[in-house]
Every structure is written in structure tokens, then in C-alpha cells.
>>> print(open('run.cif').read())   # mmCIF, C-alpha atoms
data_query
loop_
_atom_site.label_atom_id
_atom_site.label_comp_id
_atom_site.auth_asym_id
_atom_site.auth_seq_id
_atom_site.Cartn_x
_atom_site.Cartn_y
_atom_site.Cartn_z
CA MET A 1 -24.47 141.08 13.61
CA VAL A 2 -21.86 139.71 11.21
CA LEU A 3 -22.77 136.15 12.21
CA ARG A 4 -26.46 136.84 11.63
CA SER A 5 -25.72 138.27 8.17
CA LEU A 6 -23.67 135.22 7.28
CA LEU A 7 -26.50 132.93 8.39
CA VAL A 8 -29.00 134.86 6.27
CA LEU A 9 -26.73 134.70 3.22
CA THR A 10 -26.19 130.98 3.74
CA PHE A 11 -29.94 130.41 3.98
CA ILE A 12 -30.60 132.39 0.79
CA ALA A 13 -27.88 130.57 -1.12
CA GLY A 14 -29.25 127.23 0.03
CA SER A 15 -32.76 128.22 -1.01
CA LEU A 16 -31.60 129.29 -4.45
CA SER A 17 -29.77 125.99 -4.96
CA ALA A 18 -32.81 124.05 -3.85
CA GLY A 19 -35.05 126.05 -6.17
CA GLU A 20 -32.77 125.36 -9.10
CA ALA A 21 -32.78 121.66 -8.26
CA GLU A 22 -36.59 121.53 -8.29
CA ASP A 23 -36.77 123.45 -11.57
CA LYS A 24 -34.41 120.87 -13.07
CA ARG A 25 -36.58 118.05 -11.74
CA MET A 26 -39.66 119.60 -13.35
CA GLU A 27 -37.71 119.94 -16.58
CA ALA A 28 -36.66 116.29 -16.30
CA ALA A 29 -40.31 115.29 -15.85
CA ALA A 30 -41.21 117.25 -18.99
CA VAL A 31 -38.39 115.63 -20.99
CA THR A 32 -39.45 112.18 -19.78
CA LEU A 33 -43.04 112.73 -20.87
CA LYS A 34 -42.05 114.13 -24.27
CA GLU A 35 -39.62 111.32 -25.07
CA ILE A 36 -42.16 108.66 -24.13
CA MET A 37 -45.07 110.19 -26.03
CA ASP A 38 -43.01 110.97 -29.13
CA VAL A 39 -42.69 107.23 -29.88
CA ALA A 40 -46.34 106.83 -30.83
CA ASP A 41 -46.44 103.07 -31.43
CA LYS A 42 -44.89 102.38 -28.00
CA ALA A 43 -46.25 105.31 -26.02
CA ILE A 44 -49.07 105.59 -23.50
CA PRO A 45 -52.30 105.06 -25.50
CA GLN A 46 -53.91 108.37 -26.39
CA ASP A 47 -57.40 107.23 -25.41
CA LEU A 48 -56.18 106.44 -21.89
CA PHE A 49 -54.46 109.81 -21.59
CA SER A 50 -57.65 111.52 -22.67
CA LYS A 51 -59.60 109.78 -19.89
CA ALA A 52 -57.03 110.36 -17.13
CA SER A 53 -57.87 112.63 -14.20
CA CYS A 54 -54.23 113.17 -13.17
CA ALA A 55 -50.70 112.27 -14.20
CA VAL A 56 -47.69 111.65 -11.95
CA ILE A 57 -44.15 111.61 -13.34
CA ILE A 58 -41.18 110.46 -11.24
CA PRO A 59 -37.98 110.96 -13.29
CA GLY A 60 -34.86 109.05 -12.31
CA LEU A 61 -36.28 106.80 -9.59
CA LYS A 62 -33.41 105.13 -7.72
CA LYS A 63 -32.84 101.42 -7.19
CA GLY A 64 -31.35 101.94 -3.72
CA GLY A 65 -34.81 102.40 -2.28
CA PHE A 66 -35.77 98.87 -3.31
CA ILE A 67 -33.28 97.38 -0.85
CA VAL A 68 -33.38 99.80 2.05
CA ALA A 69 -36.68 101.34 3.13
CA GLY A 70 -36.86 105.07 2.53
CA GLN A 71 -37.24 107.70 -0.11
CA TYR A 72 -36.23 106.71 -3.59
CA GLY A 73 -38.15 108.92 -5.96
CA ARG A 74 -39.36 112.50 -6.26
CA GLY A 75 -41.49 113.96 -9.01
CA PHE A 76 -44.62 115.94 -9.78
CA ALA A 77 -48.35 115.43 -10.27
CA SER A 78 -50.80 117.49 -12.29
CA CYS A 79 -54.57 117.06 -12.61
CA ARG A 80 -57.31 118.19 -14.94
CA GLN A 81 -58.68 121.65 -14.43
CA PRO A 82 -62.19 121.51 -12.89
CA ASP A 83 -63.83 122.11 -16.30
CA GLY A 84 -61.82 119.25 -17.87
CA LYS A 85 -59.86 121.60 -20.13
CA GLY A 86 -56.13 121.85 -19.54
CA TRP A 87 -53.98 120.81 -16.57
CA THR A 88 -53.13 122.33 -13.21
CA ALA A 89 -49.83 123.55 -11.86
CA PRO A 90 -47.59 120.67 -10.72
CA ALA A 91 -47.64 119.49 -7.11
CA ALA A 92 -44.57 117.72 -5.76
CA MET A 93 -44.90 114.00 -4.96
CA ARG A 94 -42.68 111.49 -3.22
CA MET A 95 -42.63 107.75 -3.94
CA GLU A 96 -41.28 105.39 -1.31
CA GLY A 97 -40.86 101.73 -0.47
CA GLY A 98 -42.26 98.78 -2.35
CA SER A 99 -40.71 97.18 -5.38
CA VAL A 100 -41.11 97.85 -9.09
CA GLY A 101 -39.86 94.48 -10.22
CA LEU A 102 -36.90 93.17 -12.17
CA GLN A 103 -37.38 95.31 -15.27
CA ILE A 104 -35.55 98.20 -13.64
CA GLY A 105 -32.48 96.16 -12.72
CA GLY A 106 -29.56 98.23 -11.49
CA GLN A 107 -30.51 101.35 -13.43
CA GLU A 108 -32.53 104.44 -12.67
CA ALA A 109 -36.04 104.36 -14.07
CA ASP A 110 -38.62 106.93 -15.06
CA ILE A 111 -42.08 106.23 -13.64
CA VAL A 112 -45.34 107.51 -15.12
CA LEU A 113 -48.73 107.04 -13.46
CA LEU A 114 -52.13 107.92 -14.87
CA VAL A 115 -54.86 108.38 -12.28
CA MET A 116 -58.04 107.23 -13.96
CA SER A 117 -60.77 108.32 -11.54
CA GLN A 118 -61.91 111.13 -9.29
CA LYS A 119 -61.43 108.80 -6.33
CA GLY A 120 -57.81 108.26 -7.32
CA MET A 121 -57.35 112.01 -7.68
CA GLU A 122 -58.56 112.52 -4.12
CA ARG A 123 -55.99 110.00 -2.88
CA LEU A 124 -53.20 112.11 -4.36
CA THR A 125 -53.96 114.86 -1.88
CA SER A 126 -54.15 112.56 1.14
CA SER A 127 -51.25 112.33 3.58
CA LYS A 128 -50.07 109.01 2.11
CA PHE A 129 -51.54 106.04 0.27
CA THR A 130 -50.25 102.64 -0.82
CA LEU A 131 -50.58 101.42 -4.38
CA GLY A 132 -52.36 98.11 -4.56
CA ALA A 133 -53.81 98.46 -1.06
CA ASP A 134 -55.46 101.89 -0.74
CA ALA A 135 -55.76 102.28 -4.52
CA SER A 136 -55.96 99.59 -7.21
CA VAL A 137 -53.05 99.73 -9.64
CA ALA A 138 -52.27 97.84 -12.85
CA ALA A 139 -49.49 97.79 -15.41
CA GLY A 140 -50.53 100.11 -18.22
CA PRO A 141 -50.66 98.98 -21.85
CA VAL A 142 -48.57 100.65 -24.56
CA GLY A 143 -49.35 101.47 -28.17
CA ARG A 144 -51.75 103.58 -30.18
CA SER A 145 -54.90 102.25 -28.53
CA THR A 146 -56.07 100.15 -25.59
CA THR A 147 -57.39 97.24 -27.66
CA ALA A 148 -55.01 94.90 -25.84
CA ALA A 149 -55.96 96.16 -22.39
CA THR A 150 -57.41 93.63 -19.95
CA ASP A 151 -60.47 94.07 -17.77
CA ILE A 152 -58.14 94.47 -14.77
CA THR A 153 -56.37 97.33 -16.51
CA MET A 154 -59.61 99.05 -17.40
CA ARG A 155 -60.94 98.82 -13.84
CA ALA A 156 -57.79 100.05 -12.10
CA GLU A 157 -57.77 103.45 -10.38
CA ILE A 158 -54.15 103.98 -11.39
CA LEU A 159 -52.16 102.70 -14.39
CA SER A 160 -48.37 102.57 -14.18
CA TRP A 161 -45.45 102.48 -16.60
CA SER A 162 -41.67 102.57 -16.31
CA ARG A 163 -38.78 103.29 -18.64
CA SER A 164 -35.34 101.83 -17.99
CA ARG A 165 -32.40 101.23 -20.32
CA GLY A 166 -34.48 102.61 -23.16
CA VAL A 167 -37.29 100.07 -22.62
CA PHE A 168 -40.75 101.42 -21.88
CA GLY A 169 -43.68 99.34 -20.68
CA GLY A 170 -46.31 98.75 -18.06
CA ILE A 171 -45.15 97.65 -14.64
CA ALA A 172 -46.78 96.74 -11.33
CA LEU A 173 -46.04 99.10 -8.43
CA LYS A 174 -47.89 97.31 -5.65
CA GLY A 175 -46.60 98.18 -2.19
CA SER A 176 -45.12 101.53 -3.18
CA THR A 177 -46.47 104.60 -1.44
CA LEU A 178 -47.21 108.07 -2.79
CA ARG A 179 -47.56 111.23 -0.75
CA PRO A 180 -47.38 114.99 -1.24
CA ASP A 181 -43.86 116.42 -0.94
CA ARG A 182 -44.68 119.58 0.99
CA GLU A 183 -41.05 120.57 1.44
CA VAL A 184 -40.58 120.79 -2.32
CA ASP A 185 -43.86 122.64 -2.85
CA THR A 186 -42.70 125.26 -0.33
CA ILE A 187 -39.52 125.75 -2.36
CA VAL A 188 -41.28 125.84 -5.74
CA TYR A 189 -44.08 128.23 -4.72
CA GLY A 190 -42.18 130.30 -2.15
CA LYS A 191 -44.56 129.50 0.71
CA GLU A 192 -46.27 126.58 2.40
CA MET A 193 -48.79 125.08 0.01
CA ASP A 194 -51.60 122.55 0.29
CA SER A 195 -51.37 120.12 -2.61
CA LYS A 196 -55.18 120.13 -2.80
CA GLU A 197 -55.13 123.80 -3.74
CA ILE A 198 -52.49 123.17 -6.40
CA LEU A 199 -54.21 120.17 -7.96
CA ARG A 200 -57.62 121.85 -7.95
CA GLY A 201 -56.29 124.56 -10.23
CA ASN A 202 -56.17 127.36 -7.68
CA VAL A 203 -52.45 128.14 -8.13
CA PRO A 204 -50.67 129.71 -11.16
CA VAL A 205 -48.18 127.50 -12.97
CA PRO A 206 -44.63 128.38 -11.85
CA ALA A 207 -42.01 129.18 -14.47
CA GLY A 208 -40.23 125.86 -13.94
CA GLY A 209 -43.44 123.91 -14.57
CA GLN A 210 -44.57 125.67 -17.75
CA GLU A 211 -43.06 123.11 -20.12
CA LEU A 212 -44.52 120.14 -18.25
CA VAL A 213 -48.03 121.61 -18.20
CA SER A 214 -47.70 122.66 -21.84
CA LEU A 215 -46.87 119.07 -22.81
CA LEU A 216 -49.78 117.67 -20.81
CA ASN A 217 -52.05 120.09 -22.66
CA LYS A 218 -50.52 119.01 -25.97
CA TYR A 219 -51.04 115.30 -25.39
CA SER A 220 -54.42 115.57 -23.72
CA GLY A 221 -55.73 119.09 -23.37
CA ARG A 222 -59.37 118.06 -23.01
CA ALA A 223 -60.91 115.19 -21.06
CA ASN A 224 -63.10 112.67 -22.89
#
>>> encode(input="run.cif", output="C-alpha cells")
Amino acid sequence: MVLRSLLVLTFIAGSLSAGEAEDKRMEAAAVTLKEIMDVADKAIPQDLFSKASCAVIIPGLKKGGFIVAGQYGRGFASCRQPDGKGWTAPAAMRMEGGSVGLQIGGQEADIVLLVMSQKGMERLTSSKFTLGADASVAAGPVGRSTTAATDITMRAEILSWSRSRGVFGGIALKGSTLRPDREVDTIVYGKEMDSKEILRGNVPVPAGGQELVSLLNKYSGRAN
């Protein structure tokens, strides 16, 4: 009986720690987005944000994953509400494998993806997809508008940016994979969740994700 009680207490303590860790990761995603968008002349162009179907933010992606295959980044995705007004609760995502180029160097990097089509949105809820193979991806432009964007950029399903050592800019992520992080969603929402239900707007925003969703609404509350 005593052993069982100790096991229960250990499980609860571990769950609380994990929940706190995920709240901090959602907060880090919110801080990343705010800091990037607050520098207007070097931020993600507003007209692109207004057209995006979903956004994925991976704060603090690790370089170790570029050398040894395996997990190297965890973050969150949010999509437009079905009526195009506002954003859904965040669904956990995991980025693995591939290479994000030399810009990142030996430092951690923040990764931001804008999913520009309904087709790309549907890929987010699949078991796993590879950028550049299953979904076209291009380095996103920066600045107040997309006047410098190329045809390749405008046709891509997903646009990608990174920030490392204070430098923010578009970057190619071909070969990297994205997939739902169901383990984290279970922790955040207190039960097993289907990322489709989250990203379709069928789930209330958890306390830890309020700031992130609020910022997405601030920067692009209504789809063009």
C-alpha cells in the first residue's frame, strides 16, 4: 500500500513538472513570435501573415539533431478558425532530421513556419510529412511587404524563417520532418488528443497557450 502511494505521488509530481515544462515552451513560442514581429522592417511580412492558414513556432531548436538523427525541436502549431477569424488552440509539433543550413551555426535557433494553403494545413495533422518532399517549402522573405518575394516563394505551401544569434531571415528546411507530438498534447490538455480536433478549433485554448493565441490574433486576426 505504501509502495503504491509512493508510485502515485511520483507519477503526479512527474506530470506536474512536465506540464510546467510545456507551459514554458508555449510561453517561449509566444515570446519568439512577439520579438520577431515587433521589428517591423525585418519581420514576417504582414500580407503573408494575413494569408496564412497555420503557423508553427519551434523555439530553441537544437543543433545536435543536425549531426545525429533524432528529435531536435519541439513547438506548437495553431491554425485559422473555420470562419477565418482568430486562431485555434495550439497543437504540439515535433521537428526532426534534415538540416537548416549554416546560418544556425553552433547556436540554438527559433524556427517559424507559415502554412499558406489548406493542403498544407491538412499535412500538419498527418502522422508525419517531410518538408520539400511531401510539401513544398521555401525561405520566407522579411520586411513590411512581399514585393521582393520570388515566384517560388509565392507558390510554396510552407514558408520558413529562422532566428539565430539575433539574425532573422528566411531559410530552407528541406529534408526536415514535422509530426504531431501527441505525448505533449496529452500533458497540455490532460487527456489523449487528436491534433485534428485541436487545429479545427474544437478545443478551448489552455491557460498556457493564451498568450500565443492572443499574439496570433493581434498580428493576423482575420484571414485575407
>>> resolve_selection(input="run.cif", expression="the PyMOL selection byres ((chain A and resi 170-183) around 9)", output="MDAnalysis selection string")
chainID A and resid 74:76 91:101 103 123:133 136:142 159:163 168:169 184:188 192:195
>>> write_last_selection(input="run.cif", atoms="C-alpha atoms", output="short mmCIF file (atom, residue, chain, number, x, y, z; two decimals), keeping the file's coordinate frame")
data_model
loop_
_atom_site.label_atom_id
_atom_site.label_comp_id
_atom_site.auth_asym_id
_atom_site.auth_seq_id
_atom_site.Cartn_x
_atom_site.Cartn_y
_atom_site.Cartn_z
CA ARG A 74 -39.36 112.50 -6.26
CA GLY A 75 -41.49 113.96 -9.01
CA PHE A 76 -44.62 115.94 -9.78
CA ALA A 91 -47.64 119.49 -7.11
CA ALA A 92 -44.57 117.72 -5.76
CA MET A 93 -44.90 114.00 -4.96
CA ARG A 94 -42.68 111.49 -3.22
CA MET A 95 -42.63 107.75 -3.94
CA GLU A 96 -41.28 105.39 -1.31
CA GLY A 97 -40.86 101.73 -0.47
CA GLY A 98 -42.26 98.78 -2.35
CA SER A 99 -40.71 97.18 -5.38
CA VAL A 100 -41.11 97.85 -9.09
CA GLY A 101 -39.86 94.48 -10.22
CA GLN A 103 -37.38 95.31 -15.27
CA ARG A 123 -55.99 110.00 -2.88
CA LEU A 124 -53.20 112.11 -4.36
CA THR A 125 -53.96 114.86 -1.88
CA SER A 126 -54.15 112.56 1.14
CA SER A 127 -51.25 112.33 3.58
CA LYS A 128 -50.07 109.01 2.11
CA PHE A 129 -51.54 106.04 0.27
CA THR A 130 -50.25 102.64 -0.82
CA LEU A 131 -50.58 101.42 -4.38
CA GLY A 132 -52.36 98.11 -4.56
CA ALA A 133 -53.81 98.46 -1.06
CA SER A 136 -55.96 99.59 -7.21
CA VAL A 137 -53.05 99.73 -9.64
CA ALA A 138 -52.27 97.84 -12.85
CA ALA A 139 -49.49 97.79 -15.41
CA GLY A 140 -50.53 100.11 -18.22
CA PRO A 141 -50.66 98.98 -21.85
CA VAL A 142 -48.57 100.65 -24.56
CA LEU A 159 -52.16 102.70 -14.39
CA SER A 160 -48.37 102.57 -14.18
CA TRP A 161 -45.45 102.48 -16.60
CA SER A 162 -41.67 102.57 -16.31
CA ARG A 163 -38.78 103.29 -18.64
CA PHE A 168 -40.75 101.42 -21.88
CA GLY A 169 -43.68 99.34 -20.68
CA VAL A 184 -40.58 120.79 -2.32
CA ASP A 185 -43.86 122.64 -2.85
CA THR A 186 -42.70 125.26 -0.33
CA ILE A 187 -39.52 125.75 -2.36
CA VAL A 188 -41.28 125.84 -5.74
CA GLU A 192 -46.27 126.58 2.40
CA MET A 193 -48.79 125.08 0.01
CA ASP A 194 -51.60 122.55 0.29
CA SER A 195 -51.37 120.12 -2.61
#
>>> residues_around(input="run.cif", residues="range 200-215 of chain A", least_positions_apart="6", cutoff="9 Å", atoms="only C-alpha atoms", output="MDAnalysis selection string")
chainID A and resid 20 22:31 33:34 78:82 86:90 188:189 221
>>> atom_distance(input="run.cif", atom1="CA of Lys191 in chain A", atom2="CA of Asn217 in chain A")
26.3 Å
>>> residues_around(input="run.cif", residues="Lys119 in chain A", least_positions_apart="6", cutoff="12 Å", atoms="all atoms listed in the file", output="ChimeraX atom specification")
/A:52-54,125-126,134-136,156-158
>>> atom_distance(input="run.cif", atom1="CA of Ala77 in chain A", atom2="CA of Ala55 in chain A")
5.6 Å
>>> atom_distance(input="run.cif", atom1="CA of Arg155 in chain A", atom2="CA of Lys196 in chain A")
24.7 Å
>>> axis_aligned_box(input="run.cif", around="range 135-138 of chain A", padding_each_side="5 Å", output="AutoDock Vina command-line options")
--center_x -54.1 --center_y 100.1 --center_z -8.7 --size_x 13.7 --size_y 14.4 --size_z 18.3
>>> resolve_selection(input="run.cif", expression="the PyMOL selection byres ((chain A and resi 50) around 6)", output="list in words")
Asp47, Leu48, Phe49, Lys51, Ala52, Ser220, Ala223 and Asn224 of chain A
>>> build_atoms(input="run.cif", residues="range 160-178 of chain A", atoms="N, CA, C and O atoms", output="CSV table (one decimal), in the coordinates of the input")
chain,number,residue,atom,x,y,z
A,160,SER,N,-49.8,102.2,-14.4
A,160,SER,CA,-48.4,102.6,-14.2
A,160,SER,C,-47.5,102.0,-15.3
A,160,SER,O,-47.7,101.0,-15.9
A,161,TRP,N,-46.5,102.8,-15.6
A,161,TRP,CA,-45.4,102.5,-16.6
A,161,TRP,C,-44.1,102.8,-16.1
A,161,TRP,O,-43.9,103.7,-15.2
A,162,SER,N,-43.0,102.2,-16.6
A,162,SER,CA,-41.7,102.6,-16.3
A,162,SER,C,-40.8,102.5,-17.6
A,162,SER,O,-41.1,101.8,-18.5
A,163,ARG,N,-39.7,103.3,-17.5
A,163,ARG,CA,-38.8,103.3,-18.6
A,163,ARG,C,-37.4,103.1,-18.0
A,163,ARG,O,-37.0,103.9,-17.2
A,164,SER,N,-36.7,102.1,-18.5
A,164,SER,CA,-35.3,101.8,-18.0
A,164,SER,C,-34.5,101.2,-19.1
A,164,SER,O,-35.0,100.4,-19.8
A,165,ARG,N,-33.3,101.7,-19.3
A,165,ARG,CA,-32.4,101.2,-20.3
A,165,ARG,C,-33.1,101.3,-21.7
A,165,ARG,O,-32.9,100.5,-22.6
A,166,GLY,N,-33.9,102.4,-21.9
A,166,GLY,CA,-34.5,102.6,-23.2
A,166,GLY,C,-35.7,101.8,-23.4
A,166,GLY,O,-36.4,102.0,-24.4
A,167,VAL,N,-36.1,100.9,-22.5
A,167,VAL,CA,-37.3,100.1,-22.6
A,167,VAL,C,-38.4,100.7,-21.8
A,167,VAL,O,-38.3,101.0,-20.7
A,168,PHE,N,-39.6,100.8,-22.5
A,168,PHE,CA,-40.8,101.4,-21.9
A,168,PHE,C,-41.9,100.4,-21.9
A,168,PHE,O,-42.2,99.8,-22.9
A,169,GLY,N,-42.5,100.3,-20.7
A,169,GLY,CA,-43.7,99.3,-20.7
A,169,GLY,C,-44.4,99.4,-19.4
A,169,GLY,O,-43.9,100.0,-18.4
A,170,GLY,N,-45.5,98.8,-19.3
A,170,GLY,CA,-46.3,98.8,-18.1
A,170,GLY,C,-45.6,97.9,-17.0
A,170,GLY,O,-44.9,97.0,-17.3
A,171,ILE,N,-45.8,98.3,-15.7
A,171,ILE,CA,-45.2,97.6,-14.6
A,171,ILE,C,-46.0,97.8,-13.4
A,171,ILE,O,-46.6,98.8,-13.2
A,172,ALA,N,-46.0,96.7,-12.6
A,172,ALA,CA,-46.8,96.7,-11.3
A,172,ALA,C,-46.0,97.5,-10.3
A,172,ALA,O,-44.8,97.3,-10.1
A,173,LEU,N,-46.7,98.3,-9.5
A,173,LEU,CA,-46.0,99.1,-8.4
A,173,LEU,C,-46.7,98.8,-7.1
A,173,LEU,O,-46.7,99.7,-6.2
A,174,LYS,N,-47.2,97.6,-6.9
A,174,LYS,CA,-47.9,97.3,-5.6
A,174,LYS,C,-46.9,97.4,-4.5
A,174,LYS,O,-45.8,96.9,-4.5
A,175,GLY,N,-47.4,98.0,-3.4
A,175,GLY,CA,-46.6,98.2,-2.2
A,175,GLY,C,-45.9,99.5,-2.1
A,175,GLY,O,-45.4,99.9,-1.0
A,176,SER,N,-45.7,100.2,-3.2
A,176,SER,CA,-45.1,101.5,-3.2
A,176,SER,C,-46.1,102.5,-2.6
A,176,SER,O,-47.3,102.4,-2.8
A,177,THR,N,-45.6,103.6,-2.0
A,177,THR,CA,-46.5,104.6,-1.4
A,177,THR,C,-46.2,105.9,-2.2
A,177,THR,O,-45.1,106.2,-2.6
A,178,LEU,N,-47.3,106.7,-2.2
A,178,LEU,CA,-47.2,108.1,-2.8
A,178,LEU,C,-47.7,109.0,-1.7
A,178,LEU,O,-48.7,108.8,-1.0
